[in-house]
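Asker: Quick one, coords33.cif (mmCIF, C-alpha atoms):
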```
data_structure
#
loop_
_atom_site.label_atom_id
_atom_site.label_comp_id
_atom_site.auth_asym_id
_atom_site.auth_seq_id
_atom_site.Cartn_x
_atom_site.Cartn_y
_atom_site.Cartn_z
CA MET A 1 -6.93 56.95 18.41
CA VAL A 2 -4.50 56.52 21.33
CA ILE A 3 -1.80 53.87 20.76
CA ARG A 4 -0.74 52.30 24.02
CA LYS A 5 2.86 51.17 24.46
CA VAL A 6 4.48 48.71 26.85
CA GLY A 7 8.24 48.97 26.55
CA LYS A 8 9.07 48.62 22.86
CA TYR A 9 5.68 47.10 22.03
CA GLU A 10 2.63 48.85 20.60
CA VAL A 11 -0.48 47.17 22.03
CA GLY A 12 -3.51 46.50 19.87
CA ARG A 13 -6.77 44.58 20.08
CA THR A 14 -7.66 41.82 22.54
CA ILE A 15 -7.42 38.43 20.79
CA GLY A 16 -8.17 36.16 23.72
CA GLU A 17 -9.36 36.22 27.29
CA GLY A 18 -9.16 33.71 30.14
CA THR A 19 -9.88 33.58 33.86
CA PHE A 20 -6.65 35.25 34.93
CA ALA A 21 -5.29 36.89 31.79
CA LYS A 22 -6.04 38.74 28.58
CA VAL A 23 -4.08 38.15 25.39
CA LYS A 24 -3.53 41.16 23.13
CA PHE A 25 -2.03 41.60 19.72
CA ALA A 26 1.14 43.75 19.86
CA GLN A 27 3.99 44.79 17.61
CA ASN A 28 7.68 45.21 18.31
CA THR A 29 8.41 48.79 17.21
CA GLU A 30 12.12 48.02 16.72
CA THR A 31 11.74 44.96 14.46
CA GLY A 32 8.12 45.19 13.23
CA GLU A 33 7.52 41.64 14.49
CA SER A 34 3.98 40.75 15.58
CA VAL A 35 3.69 39.19 19.04
CA ALA A 36 1.02 38.01 21.43
CA MET A 37 1.05 39.85 24.76
CA LYS A 38 -0.40 37.97 27.73
CA VAL A 39 -1.46 40.49 30.37
CA LEU A 40 -1.80 39.37 34.00
CA ASP A 41 -2.99 41.46 36.91
CA ARG A 42 -0.30 41.25 39.57
CA SER A 43 -2.66 41.54 42.55
CA THR A 44 -4.94 38.79 41.17
CA ILE A 45 -2.19 36.19 40.76
CA ILE A 46 -0.82 37.03 44.22
CA LYS A 47 -4.29 36.80 45.75
CA HIS A 48 -4.89 33.38 44.19
CA LYS A 49 -1.43 32.11 45.19
CA MET A 50 -0.46 31.58 41.55
CA VAL A 51 2.95 33.25 41.56
CA ASP A 52 5.00 30.03 41.81
CA GLN A 53 2.88 28.26 39.19
CA ILE A 54 3.16 31.09 36.67
CA LYS A 55 6.89 31.54 37.32
CA GLN A 56 7.33 27.82 36.69
CA GLU A 57 5.34 27.94 33.46
CA ILE A 58 7.25 30.96 32.15
CA SER A 59 10.64 29.52 33.14
CA ILE A 60 9.83 26.27 31.32
CA MET A 61 8.76 28.11 28.16
CA LYS A 62 12.02 30.07 28.19
CA LEU A 63 13.97 26.85 28.67
CA VAL A 64 12.26 24.90 25.86
CA ARG A 65 13.26 26.79 22.69
CA HIS A 66 12.24 24.60 19.79
CA PRO A 67 10.66 25.23 16.37
CA TYR A 68 7.57 23.23 17.40
CA VAL A 69 7.06 24.96 20.77
CA VAL A 70 5.54 28.43 21.16
CA ARG A 71 8.43 30.84 21.76
CA LEU A 72 8.48 33.11 24.81
CA HIS A 73 10.43 36.29 24.07
CA GLU A 74 10.51 38.17 27.36
CA VAL A 75 8.63 39.22 30.51
CA ILE A 76 7.93 42.87 31.40
CA ALA A 77 6.55 44.06 34.72
CA THR A 78 4.96 47.27 36.00
CA ARG A 79 3.63 48.00 39.48
CA THR A 80 0.26 46.45 38.66
CA LYS A 81 0.72 44.22 35.59
CA ILE A 82 2.86 41.35 34.29
CA TYR A 83 3.30 41.23 30.50
CA ILE A 84 4.41 37.95 28.91
CA ILE A 85 5.57 38.44 25.31
CA LEU A 86 4.94 35.35 23.17
CA GLU A 87 5.34 34.29 19.56
CA PHE A 88 2.21 35.30 17.61
CA ILE A 89 0.60 32.18 16.11
CA THR A 90 -1.95 32.85 13.36
CA GLY A 91 -3.30 29.40 12.41
CA GLY A 92 -5.45 28.71 15.45
CA GLU A 93 -5.78 25.43 17.36
CA LEU A 94 -5.36 22.02 15.78
CA PHE A 95 -8.57 21.14 17.66
CA ASP A 96 -10.54 23.71 15.63
CA LYS A 97 -9.19 22.27 12.40
CA ILE A 98 -10.48 18.80 13.36
CA VAL A 99 -13.86 20.22 14.45
CA HIS A 100 -14.35 22.11 11.16
CA HIS A 101 -12.86 19.60 8.71
CA GLY A 102 -13.26 16.26 10.47
CA ARG A 103 -10.56 13.63 10.36
CA LEU A 104 -7.33 14.47 8.57
CA SER A 105 -5.64 12.52 5.80
CA GLU A 106 -3.02 9.92 6.64
CA ALA A 107 -0.21 12.12 5.29
CA GLU A 108 -1.33 15.23 7.19
CA SER A 109 -1.91 13.28 10.42
CA ARG A 110 1.54 11.74 10.15
CA ARG A 111 3.22 15.12 9.55
CA TYR A 112 1.59 16.71 12.62
CA PHE A 113 2.43 13.63 14.69
CA GLN A 114 6.08 13.75 13.56
CA GLN A 115 6.29 17.41 14.60
CA LEU A 116 4.57 16.64 17.91
CA ILE A 117 7.06 13.86 18.69
CA ASP A 118 10.01 16.15 17.80
CA GLY A 119 8.74 18.90 20.10
CA VAL A 120 7.80 16.58 22.99
CA ASP A 121 11.14 14.76 22.77
CA TYR A 122 13.00 18.08 23.07
CA CYS A 123 10.93 18.96 26.14
CA HIS A 124 11.87 15.64 27.73
CA ILE A 125 15.56 16.17 26.93
CA LYS A 126 15.28 19.44 28.87
CA GLY A 127 13.62 17.62 31.78
CA VAL A 128 10.17 19.06 31.09
CA TYR A 129 7.01 16.93 31.06
CA HIS A 130 3.96 18.66 29.58
CA ARG A 131 1.19 16.56 31.22
CA ASP A 132 -1.67 18.15 29.28
CA LEU A 133 -1.03 17.33 25.64
CA LYS A 134 -4.22 17.54 23.55
CA PRO A 135 -5.28 19.17 20.25
CA GLU A 136 -6.54 22.28 22.10
CA ASN A 137 -2.95 22.93 23.26
CA LEU A 138 -1.43 22.46 19.80
CA LEU A 139 -1.41 25.60 17.66
CA LEU A 140 -0.66 26.00 13.94
CA ASP A 141 1.54 28.74 12.50
CA SER A 142 1.15 30.47 9.12
CA GLN A 143 3.16 27.68 7.46
CA GLY A 144 0.94 24.98 8.93
CA ASN A 145 3.56 23.80 11.40
CA LEU A 146 2.69 22.59 14.88
CA LYS A 147 3.39 24.68 18.00
CA ILE A 148 3.03 23.13 21.46
CA SER A 149 1.54 25.60 23.94
CA ASP A 150 0.09 25.90 27.45
CA PHE A 151 2.67 24.59 29.91
CA GLY A 152 0.45 25.41 32.89
CA LEU A 153 0.38 21.82 34.16
CA SER A 154 3.92 20.92 33.12
CA ALA A 155 6.54 19.67 35.54
CA SER A 156 10.29 20.13 35.65
CA PRO A 157 11.23 18.13 38.75
CA GLY A 158 15.00 18.43 38.48
CA GLU A 159 17.90 16.54 36.95
CA GLY A 160 17.63 12.78 37.19
CA VAL A 161 14.03 12.86 38.51
CA ASN A 162 11.08 11.84 36.38
CA ILE A 163 8.73 10.06 38.80
CA LEU A 164 5.79 12.38 39.39
CA LYS A 165 2.90 12.14 41.86
CA THR A 166 0.35 14.77 40.88
CA THR A 167 -2.72 13.51 39.06
CA CYS A 168 -3.48 16.09 36.38
CA GLY A 169 -4.35 16.50 32.72
CA THR A 170 -7.50 16.11 30.64
CA PRO A 171 -9.29 12.79 31.41
CA ASN A 172 -9.66 11.57 27.79
CA TYR A 173 -5.95 12.05 27.10
CA VAL A 174 -4.42 11.00 30.42
CA ALA A 175 -2.38 7.80 30.81
CA PRO A 176 -3.71 5.00 33.06
CA GLU A 177 -0.74 5.14 35.44
CA VAL A 178 -1.43 8.83 36.14
CA LEU A 179 -4.83 7.78 37.51
CA SER A 180 -3.32 5.11 39.78
CA HIS A 181 -1.88 7.61 42.34
CA LYS A 182 1.26 5.48 42.65
CA GLY A 183 3.66 7.76 40.82
CA TYR A 184 4.46 7.79 37.11
CA ASP A 185 7.18 8.56 34.58
CA GLY A 186 6.31 11.96 33.08
CA ALA A 187 7.91 11.16 29.72
CA VAL A 188 6.08 7.84 29.29
CA ALA A 189 2.76 9.45 30.29
CA ASP A 190 3.27 12.18 27.66
CA ILE A 191 3.82 9.47 25.01
CA TRP A 192 0.38 8.00 25.80
CA SER A 193 -1.22 11.42 25.24
CA CYS A 194 0.59 11.68 21.89
CA GLY A 195 -0.96 8.33 20.91
CA VAL A 196 -4.44 9.57 21.75
CA ILE A 197 -3.78 12.69 19.64
CA LEU A 198 -2.67 10.58 16.64
CA TYR A 199 -5.87 8.53 16.94
CA VAL A 200 -8.00 11.72 17.04
CA LEU A 201 -6.22 13.17 13.99
CA MET A 202 -6.92 10.08 11.91
CA ALA A 203 -10.37 9.16 13.27
CA GLY A 204 -11.89 12.55 13.99
CA TYR A 205 -13.03 11.32 17.41
CA LEU A 206 -11.57 10.06 20.71
CA PRO A 207 -10.52 6.46 21.41
CA PHE A 208 -11.79 6.78 25.00
CA ASP A 209 -14.98 8.81 25.37
CA GLU A 210 -17.59 8.10 28.05
CA VAL A 211 -19.93 10.48 29.88
CA ASP A 212 -19.44 8.57 33.12
CA LEU A 213 -15.91 9.11 34.45
CA THR A 214 -15.80 5.75 36.24
CA THR A 215 -16.51 3.94 32.95
CA LEU A 216 -14.03 6.19 31.11
CA TYR A 217 -11.22 5.47 33.60
CA ALA A 218 -11.97 1.73 33.51
CA LYS A 219 -11.60 1.72 29.70
CA ILE A 220 -8.40 3.78 29.86
CA ASP A 221 -6.97 1.47 32.53
CA LYS A 222 -7.44 -1.55 30.24
CA ALA A 223 -6.86 0.36 26.98
CA GLU A 224 -10.25 -0.75 25.64
CA PHE A 225 -10.50 0.84 22.20
CA SER A 226 -10.71 -0.17 18.56
CA CYS A 227 -9.33 1.47 15.44
CA PRO A 228 -11.64 2.38 12.52
CA SER A 229 -11.48 0.29 9.37
CA TRP A 230 -9.83 3.11 7.39
CA PHE A 231 -6.72 3.17 9.59
CA PRO A 232 -3.66 1.88 7.66
CA VAL A 233 -2.10 -1.26 9.16
CA GLY A 234 1.10 0.62 10.05
CA ALA A 235 -0.69 3.42 11.91
CA LYS A 236 -2.93 0.92 13.70
CA SER A 237 0.09 -1.07 14.88
CA LEU A 238 1.92 2.05 16.12
CA ILE A 239 -1.14 3.35 18.01
CA HIS A 240 -1.57 0.01 19.78
CA ARG A 241 2.10 0.10 20.85
CA ILE A 242 1.67 3.65 22.18
CA LEU A 243 -1.66 3.03 23.93
CA ASP A 244 -0.19 0.17 25.95
CA PRO A 245 -1.69 0.36 29.47
CA ASN A 246 1.57 -0.98 30.93
CA PRO A 247 4.04 1.94 31.12
CA GLN A 248 6.95 -0.50 31.38
CA THR A 249 6.30 -2.02 27.96
CA ARG A 250 4.90 1.08 26.24
CA ILE A 251 6.89 2.17 23.19
CA ARG A 252 9.46 4.94 23.76
CA ILE A 253 10.18 7.94 21.53
CA GLU A 254 13.36 6.48 20.00
CA GLU A 255 11.32 3.38 18.98
CA ILE A 256 8.56 5.59 17.55
CA ARG A 257 11.17 7.34 15.39
CA ASN A 258 12.32 3.96 14.07
CA ASP A 259 8.78 2.82 13.21
CA GLU A 260 8.27 2.25 9.48
CA TRP A 261 4.93 4.10 9.29
CA PHE A 262 6.30 7.07 11.26
CA ARG A 263 9.49 7.38 9.17
CA LYS A 264 7.71 7.91 5.84
CA ASN A 265 8.58 11.44 4.54
CA TYR A 266 10.05 12.22 7.99
CA ASP A 267 12.27 15.29 7.96
CA PRO A 268 13.69 15.77 11.47
CA VAL A 269 13.69 19.41 12.49
CA LYS A 270 17.04 21.12 13.00
CA VAL A 271 17.30 22.66 16.45
CA MET A 272 19.58 25.67 16.84
CA GLU A 273 21.70 25.87 19.97
CA TYR A 274 20.45 28.95 21.75
CA GLU A 275 22.34 31.06 24.23
CA ASP A 276 22.07 30.32 27.95
CA VAL A 277 18.56 31.00 29.20
CA ASN A 278 18.38 34.05 31.44
CA LEU A 279 15.55 34.09 33.98
CA ASP A 280 16.39 37.52 35.46
CA ASP A 281 13.38 39.21 33.86
CA ILE A 282 11.05 36.58 35.33
CA ASN A 283 12.47 36.93 38.83
CA ALA A 284 12.39 40.73 38.62
CA ALA A 285 8.77 40.67 37.46
CA PHE A 286 7.54 38.63 40.41
CA ASP A 287 9.94 39.25 43.28
CA ASP A 288 8.36 42.43 44.62
CA GLU A 289 8.15 41.23 48.21
CA GLU A 290 6.77 44.42 49.73
CA GLU A 291 3.86 44.54 47.28
CA ALA A 292 3.27 40.80 47.58
CA THR A 293 3.06 41.10 51.34
CA ASN A 294 0.52 43.93 51.15
CA GLU A 295 -1.63 42.06 48.65
CA GLN A 296 -1.57 38.81 50.59
CA CYS A 297 -2.94 40.47 53.73
CA ASP A 298 -6.36 40.61 52.06
CA ASN A 299 -6.26 36.96 51.06
CA VAL A 300 -7.53 35.21 54.14
CA ASP A 301 -8.52 31.99 52.37
CA ALA A 302 -5.32 31.31 50.44
CA GLY A 303 -3.31 29.50 53.14
CA PRO A 304 -3.91 27.32 56.20
CA LEU A 305 -6.35 28.70 58.77
CA ALA A 306 -4.51 30.84 61.35
CA LEU A 307 -5.42 29.98 64.93
CA ASN A 308 -5.97 32.85 67.39
CA ALA A 309 -5.81 32.64 71.20
CA PHE A 310 -9.44 31.53 71.51
CA ASP A 311 -8.95 28.77 68.95
CA LEU A 312 -5.95 27.49 70.90
CA ILE A 313 -7.93 27.44 74.15
CA ILE A 314 -10.77 25.49 72.52
CA LEU A 315 -8.37 22.97 71.01
CA SER A 316 -6.57 22.53 74.33
CA GLN A 317 -9.84 21.73 76.14
CA GLY A 318 -9.29 24.51 78.66
CA LEU A 319 -6.41 26.76 79.60
CA ASN A 320 -3.76 24.06 79.79
CA LEU A 321 -2.04 24.62 76.46
CA SER A 322 0.43 21.80 77.09
CA ILE A 323 -2.31 19.39 75.99
CA LEU A 324 -2.28 21.04 72.57
CA PHE A 325 1.22 19.78 71.82
CA ASP A 326 1.00 16.48 73.71
CA ARG A 327 1.36 13.44 71.52
CA GLY A 328 1.03 11.08 74.47
CA GLN A 329 -1.68 8.59 75.37
CA ASP A 330 -3.98 11.23 76.95
CA SER A 331 -4.50 12.97 73.64
CA MET A 332 -5.16 9.61 72.00
CA LYS A 333 -8.16 8.88 74.23
CA HIS A 334 -10.38 11.12 72.12
CA HIS A 335 -9.01 9.59 68.91
CA GLN A 336 -7.36 12.80 67.84
CA THR A 337 -3.84 14.06 68.17
CA ARG A 338 -1.58 16.60 66.56
CA PHE A 339 2.01 17.51 65.85
CA LEU A 340 3.98 20.66 65.07
CA THR A 341 6.18 21.38 62.09
CA GLN A 342 8.34 24.24 60.82
CA LYS A 343 8.19 23.08 57.20
CA PRO A 344 6.08 25.09 54.68
CA ALA A 345 2.42 24.03 54.70
CA LYS A 346 2.47 22.83 51.07
CA VAL A 347 5.54 20.68 51.76
CA VAL A 348 3.81 19.16 54.79
CA LEU A 349 0.66 18.44 52.78
CA SER A 350 2.61 16.83 49.95
CA SER A 351 4.69 14.71 52.37
CA MET A 352 1.59 13.50 54.21
CA GLU A 353 -0.08 12.59 50.92
CA VAL A 354 2.89 10.53 49.73
CA VAL A 355 3.25 8.75 53.11
CA ALA A 356 -0.48 7.93 53.32
CA GLN A 357 -0.47 6.57 49.77
CA SER A 358 2.66 4.52 50.47
CA MET A 359 0.76 2.95 53.40
CA GLY A 360 -1.95 1.84 50.97
CA PHE A 361 -4.55 4.52 51.69
CA LYS A 362 -6.43 6.77 49.28
CA THR A 363 -6.15 10.53 49.81
CA HIS A 364 -8.49 13.41 49.03
CA ILE A 365 -7.18 16.97 49.39
CA ARG A 366 -9.08 20.24 49.53
CA ASN A 367 -7.17 23.38 50.44
CA PHE A 368 -5.12 22.40 53.52
CA LYS A 369 -7.33 19.54 54.66
CA MET A 370 -6.73 15.91 53.72
CA ARG A 371 -8.96 12.86 54.12
CA VAL A 372 -7.21 9.48 54.29
CA GLU A 373 -9.31 6.36 53.81
CA GLY A 374 -9.09 2.66 53.12
CA LEU A 375 -9.69 -0.75 54.64
CA SER A 376 -8.59 -1.71 58.15
CA VAL A 377 -5.59 -3.98 58.67
CA ASN A 378 -7.82 -7.08 58.81
CA LYS A 379 -9.67 -5.87 55.64
CA THR A 380 -13.05 -6.18 57.37
CA SER A 381 -14.03 -2.56 58.01
CA HIS A 382 -13.68 0.96 56.58
CA PHE A 383 -11.06 3.25 58.09
CA SER A 384 -10.89 7.04 57.67
CA VAL A 385 -8.82 9.89 59.13
CA ILE A 386 -9.03 13.67 58.71
CA LEU A 387 -5.83 15.74 58.79
CA GLU A 388 -5.89 19.53 58.78
CA ILE A 389 -3.04 22.05 58.83
CA PHE A 390 -3.32 25.19 61.00
CA GLU A 391 -0.94 28.13 61.34
CA VAL A 392 -0.16 28.73 65.03
CA ALA A 393 2.75 31.17 64.52
CA PRO A 394 4.56 32.68 61.52
CA THR A 395 7.06 29.79 61.43
CA PHE A 396 4.99 27.03 63.05
CA PHE A 397 2.17 24.91 61.68
CA MET A 398 0.09 22.38 63.55
CA VAL A 399 -1.33 19.25 61.95
CA ASP A 400 -4.51 18.06 63.65
CA VAL A 401 -5.26 14.36 63.14
CA GLN A 402 -8.74 13.01 63.87
CA LYS A 403 -10.39 9.61 63.45
CA ALA A 404 -13.42 9.93 61.18
CA ALA A 405 -14.36 6.26 60.92
CA GLY A 406 -13.02 2.93 62.13
CA ASP A 407 -11.75 1.28 65.29
CA ALA A 408 -9.83 3.29 67.92
CA SER A 409 -6.98 0.78 68.05
CA GLU A 410 -6.68 1.02 64.27
CA PHE A 411 -6.38 4.78 64.58
CA LEU A 412 -3.59 4.50 67.18
CA LYS A 413 -1.65 2.09 64.96
CA PHE A 414 -2.15 4.37 61.95
CA TYR A 415 -1.00 7.45 63.84
CA LYS A 416 2.14 5.74 65.14
CA ASN A 417 3.14 4.37 61.73
CA PHE A 418 2.18 7.59 59.94
CA CYS A 419 4.27 9.81 62.21
CA GLY A 420 7.13 7.32 62.08
CA ASN A 421 7.36 8.04 58.36
CA LEU A 422 7.23 11.81 58.88
CA GLU A 423 10.22 12.21 61.20
CA ASP A 424 11.86 14.67 58.81
CA ILE A 425 8.99 17.18 59.07
CA ILE A 426 7.78 16.78 62.70
CA TRP A 427 9.19 19.41 65.06
CA ARG A 428 10.14 18.43 68.60
CA PRO A 429 11.43 20.60 71.46
CA PRO A 430 15.26 20.50 71.70
CA ASP A 431 15.30 18.36 74.86
CA GLU A 432 12.89 15.82 73.31
CA SER A 433 14.99 15.69 70.15
CA CYS A 434 18.09 14.96 72.23
CA LYS A 435 16.29 12.20 74.17
CA SER A 436 15.10 10.68 70.91
CA ARG A 437 18.61 10.66 69.46
CA ALA A 438 20.03 9.20 72.68
CA THR A 439 17.44 6.42 72.67
CA LYS A 440 18.26 5.56 69.08
CA THR A 441 22.00 5.56 69.91
CA ARG A 442 21.48 3.18 72.86
CA SER A 443 19.39 0.91 70.68
CA ARG A 444 22.16 0.72 68.07
CA LYS A 445 24.79 -0.07 70.74
CA ARG A 446 22.75 -2.99 72.02
#
```
Rewrite the structure from the file as structure tokens, please.
Answerer:
Amino acid sequence: MVIRKVGKYEVGRTIGEGTFAKVKFAQNTETGESVAMKVLDRSTIIKHKMVDQIKQEISIMKLVRHPYVVRLHEVIATRTKIYIILEFITGGELFDKIVHHGRLSEAESRRYFQQLIDGVDYCHIKGVYHRDLKPENLLLDSQGNLKISDFGLSASPGEGVNILKTTCGTPNYVAPEVLSHKGYDGAVADIWSCGVILYVLMAGYLPFDEVDLTTLYAKIDKAEFSCPSWFPVGAKSLIHRILDPNPQTRIRIEEIRNDEWFRKNYDPVKVMEYEDVNLDDINAAFDDEEEATNEQCDNVDAGPLALNAFDLIILSQGLNLSILFDRGQDSMKHHQTRFLTQKPAKVVLSSMEVVAQSMGFKTHIRNFKMRVEGLSVNKTSHFSVILEIFEVAPTFFMVDVQKAAGDASEFLKFYKNFCGNLEDIIWRPPDESCKSRATKTRSRKR
């Protein structure tokens, strides 16, 4: 039998397999410690544009070092593979325990909930919001202690920032404000998910569970649920304070810790102060620019559509390419116009989404195409616009804006207001930029 080694680790059997990775059992030959080795194919994650997402997930797991969070030891890279070395957890998912044994006792439910709150609170202190808390992402170690895992949807927006925009998570566990598309506090949304988990632990089933998503979201939005008769009064009261549909009045973690039912037999975990987190191994594993460039050449669908000379001619309605970049009234006649930008395509898409939503419109995004829709200004008709991002040069992107439904005058008003809120991303020729600044200066002087 051939024993395969990766660095100081002897690699054994496969213990799990997902869409983009395999998880293998491995052993540290220096310490004898058992670990879980997540194996990713480098070309696959580059092809699917997952490098930034995986780097973010790994960086967060290195940052959040807590007894109730799965520990990431290190990252190893070869020319073709990325190996993520994780703490080996033997007790399986908390979800499986509920499936096999049904609802848990009050004492056991409370203990897991106390550990969950400790772990989630530490994440929030570090500026990390999980955004997909559910029993499937809570593992149990050999001592029966909770371990939070799977930070694939987590966010770490930066110091002092906690208002998030992205709608994500698992529908049954997601907070109502996350579904509103108006921005939400990541910490408060995580607390809601913790409340749903506590309910599931004690009931053995979900508080919000409908086959039809529209009905499900309506019940979540109003927090329409009832607690079983066997719930203790204290637990019932705490769950109702957590599953408050108003994020402003929802209970916070410090209040949860002071709750009488929560505090029973509560033994706060002691967190060791770890050394400064070093992300060098993560950066070294992914920052192989030459290989990334070669791999991305085969990935024609990963980014915005690149326009060739014939595409440009078609868009310009002939050989006069000046029309392509004209934002004047002539281009408006056909209810479509466009602008150029030098910002990254994903930044442009995100900015357009936020601006459209701030104007009161709903947005639907697929790849690098966005549909904006809502009611007209007079609220009497439906209005819809299609925006698509194209690559016209290595450092230039074009956003094509077309009216899909609604009145032409409505479209012109929308376009003017929309672009007015995107001044920081729209590129203009130097002479036009100077004229624009001069006009603004004259206006201020008047």
Asker: Could you list as a ChimeraX atom specification every residue that has an atom within 9 Å of (-8.8, 10.4, 37.4), using the file's coordinates and counting all atoms listed in the file?
Answerer: /A:167-171,174,176,178-181,213-214,217
Asker: Can you pull out every residue within 10 Å of region 187-191 of chain A, counting all atoms listed in the file, but drop anything in the same chain fewer than 5 positions away, and send it as a VMD selection string?
Answerer: chain A and resid 117 120 to 121 123 to 125 127 to 133 162 to 164 173 to 178 196 to 197 242 to 243 247 to 253 256
Asker: Could you state the separation of CA of Gln143 (chain A) and CA of Thr90 (chain A) in Å, given to one decimal place?
Answerer: 9.4 Å
Asker: Rank nothing, just name the residue among A:Phe20, A:Lys182, A:Tyr266, A:Glu224 nearest to Thr363 (chain A), using all atoms listed in the file.
Answerer: A:Lys182
Asker: What does the structure give for the distance between CA of Leu349 (chain A) and CA of Gly186 (chain A), in Å to one decimal?
Answerer: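 For CA of Leu349 (chain A) relative to CA of Gly186 (chain A), the distance reads 21.5 Å.
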Asker: Restricting the calculation to all atoms listed in the file: of A:Ile389, A:Ile239, A:Leu139, A:Val64, which residue gets closest to Phe95 (chain A)?
Answerer: A:Leu139
Asker: Between CA of Leu138 (chain A) and CA of His73 (chain A), what distance in Å does the model show, to one decimal?
Answerer: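 Taking CA of Leu138 (chain A) and CA of His73 (chain A), their separation equals 18.7 Å.
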Asker: Take the PyMOL selection byres ((chain A and resi 11) around 8), apply it to the structure above, and return the hits as a list in words.
Answerer: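 Those residues are Ile3, Arg4, Lys5, Val6, Tyr9, Glu10, Gly12, Arg13, Lys24, Phe25, Ala26, Gln27 and Met37 of chain A.
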Asker: Write out as a ChimeraX atom specification which residues come within 7 Å of region 201-210 of chain A when counting all atoms listed in the file, dropping same-chain ones fewer than 6 positions away.
Answerer: /A:98,102-106,109,172,216,219-220,225,228
Asker: Between A:Lys134, A:Arg110, A:His100, A:Lys165, which is the closest to Lys264 (chain A) once you count only C-alpha atoms?
Answerer: A:Arg110
Asker: From the set A:Gly183, A:Glu93, A:Glu391, A:Tyr199, which residue has the shortest atom-to-atom contact distance to Ser226 (chain A), counting all atoms listed in the file?
Answerer: A:Tyr199
Asker: Given the file shown, determine the residues that the PyMOL selection byres ((chain A and resi 87) around 8) selects; report them as a ChimeraX atom specification.
Answerer: /A:34-36,70-73,85-86,88-89
Asker: Let me see the file: selected residues, C-alpha atoms, as a compact mmCIF listing (two decimals), in the frame of the given file.
Answerer:
```txt
# COMPACT_ATOMS: atom_id res chain seq x y z
CA SER A 34 3.98 40.75 15.58
CA VAL A 35 3.69 39.19 19.04
CA ALA A 36 1.02 38.01 21.43
CA VAL A 70 5.54 28.43 21.16
CA ARG A 71 8.43 30.84 21.76
CA LEU A 72 8.48 33.11 24.81
CA HIS A 73 10.43 36.29 24.07
CA ILE A 85 5.57 38.44 25.31
CA LEU A 86 4.94 35.35 23.17
CA PHE A 88 2.21 35.30 17.61
CA ILE A 89 0.60 32.18 16.11
```
Asker: Is it possible to get the axis-aligned box enclosing region 11-18 of chain A (all listed atoms, 8 Å extra per side) as JSON, with centre and edge lengths in Å rounded to one decimal?
Answerer:
```
{"center_x": -4.9, "center_y": 40.4, "center_z": 25.0, "size_x": 24.9, "size_y": 29.5, "size_z": 26.3}
```
Asker: Using the chain letters and numbers from the file, give me the residues hit by the PyMOL selection byres ((chain A and resi 418) around 12), as an MDAnalysis selection string.
Answerer: chainID A and resid 338:339 351:361 372 385 387 401 410:417 419:423 425:426
Asker: Mind checking which residues fall within 9 Å of His382 (chain A), counting only C-alpha atoms, ignoring those fewer than 5 positions away in the same chain, and posting them as a PyMOL selection string?
Answerer: chain A and resi 373-376+405-407
